[in-house]
Amino acid sequence: MEIIFFYLVALVAVVSGFLVIRCQSPVNSALGLVNTFFCLAIFYVMLHAPFMAAIQIMVYAGAIMVLILFVIMLLNLGTEARKSYTHGIVWSAIASLLVLCNVIYFIKRGRVTGAEGDITDFTVQSVGHVELIGKTMFTEFLLPFEIASILLLVAIVGAVVLAKKEV
Amino acid sequence: MISVYHYMTVSAILFAMGTYGVLTRRNAIVIFMCIELMLNSVNLTFIALSNHLQSMDGQIFVFFVMTVAAAEAAVGLALMIAFYRNRESIDVDNINLMKL
């Protein structure tokens, strides 16, 4: 039952991803991308990471996509004129197929191993996902967390400076 | 039973599609969205592996990827607005000021 659901969600995710890269209008691409984000959020729930699913919907589908849609509407972009770049499309298809074959080959041939931690699905359900994330983030990853805040500050200043008419 | 390989295969397909979109599309915002697609497929790999290896570290990395994506969205869209003000289009073929 779970595997059928998985294949259904994966199909929807891939089809919406296809819409992102093939739709003529940027607005349709953006809506396809939102659909993909929701499918990925469903995957996160299936992987016992509910907080990540919530963040995915709030930050990606909420904030970033609204920003992108806002800019599309602001610039009033119509459908892009499709020029005949046949050789470009062929080379891009070859490049992306190479990427796909490479990754699929490694997934098929390799076996995923690594240093296993002690956080099982049962721990996540009994302690709570947010608490586990918070503990890890504010102990082991405290310095990257602080650096991320500086990165966001730089992004705010940079966006304001770039979008202003004259500095 | 769903294994980690299922999730990684979906992620690989999404990543390849994002690559194709980045290489073929002309509209800068659509290229931007394709990059977001690739970032999200990497996020899916991180969370699948974090679940498989029973560790929290992968999900923290997803957190930072999301932070970088948000910063990138803000700066990238500001760049596009600045470019549109100069050229009246955001077609990447018109971005050739620094070409020799």
# chains A, B, ... in the order shown; residues from 1 in each chain; ligands from 1
call {"tool": "interface_residues", "arguments": {"of": "chain A", "to": "chain B", "cutoff": "6 Å", "atoms": "only C-alpha atoms", "output": "PyMOL selection string"}}
result
chain A and resi 21+89+92+96+100+116-120+152+155+159+162-163
call {"tool": "write_last_selection", "arguments": {"atoms": "N, CA and C atoms", "output": "compact mmCIF listing (two decimals), in the first residue's frame"}}
result
# COMPACT_ATOMS: atom_id res chain seq x y z
N ILE A 21 10.10 22.55 -16.59
CA ILE A 21 11.10 22.79 -17.63
C ILE A 21 10.50 22.93 -19.01
N ILE A 89 19.65 22.14 -27.58
CA ILE A 89 18.76 21.22 -26.87
C ILE A 89 19.33 19.81 -26.89
N SER A 92 22.18 19.67 -24.41
CA SER A 92 21.68 19.71 -23.04
C SER A 92 21.05 18.39 -22.66
N SER A 96 22.25 16.14 -19.55
CA SER A 96 21.41 15.76 -18.41
C SER A 96 21.22 14.25 -18.37
N LEU A 100 22.02 11.76 -15.29
CA LEU A 100 21.05 10.78 -14.79
C LEU A 100 21.65 9.37 -14.79
N GLU A 116 26.38 5.07 11.43
CA GLU A 116 24.98 5.13 11.82
C GLU A 116 24.84 5.80 13.17
N GLY A 117 23.84 6.65 13.28
CA GLY A 117 23.58 7.30 14.55
C GLY A 117 22.63 6.46 15.38
N ASP A 118 22.07 7.07 16.40
CA ASP A 118 21.19 6.31 17.29
C ASP A 118 19.77 6.88 17.30
N ILE A 119 19.42 7.64 16.27
CA ILE A 119 18.09 8.25 16.26
C ILE A 119 17.20 7.42 15.34
N THR A 120 16.43 6.54 15.94
CA THR A 120 15.54 5.70 15.15
C THR A 120 14.21 6.40 14.96
N LEU A 152 22.21 35.70 5.82
CA LEU A 152 20.90 36.30 5.57
C LEU A 152 20.97 37.81 5.64
N ALA A 155 22.39 39.00 2.47
CA ALA A 155 21.41 38.89 1.39
C ALA A 155 20.41 40.05 1.45
N ALA A 159 20.15 42.66 -1.58
CA ALA A 159 18.91 42.80 -2.34
C ALA A 159 18.47 44.26 -2.38
N LEU A 162 20.88 46.24 -4.67
CA LEU A 162 20.74 45.94 -6.09
C LEU A 162 19.45 46.47 -6.67
N ALA A 163 18.38 46.43 -5.90
CA ALA A 163 17.09 46.82 -6.45
C ALA A 163 16.85 48.32 -6.39
call {"tool": "select_by_dssp", "arguments": {"residues": "chain A", "states": "alpha helix (DSSP H)", "output": "number ranges by chain"}}
result
A: 2-22, 26-46, 50-55, 65-75, 86-109, 121-127, 129-139, 142-163
call {"tool": "atom_distance", "arguments": {"atom1": "atom CA of Val160 of chain A", "atom2": "atom CA of Val20 of chain A"}}
result
28.4 Å
call {"tool": "atom_distance", "arguments": {"atom1": "atom CA of Asn96 of chain B", "atom2": "atom CA of Val154 of chain A"}}
result
26.5 Å
call {"tool": "atom_distance", "arguments": {"atom1": "atom CA of Thr36 of chain A", "atom2": "atom CA of Val59 of chain A"}}
result
13.9 Å
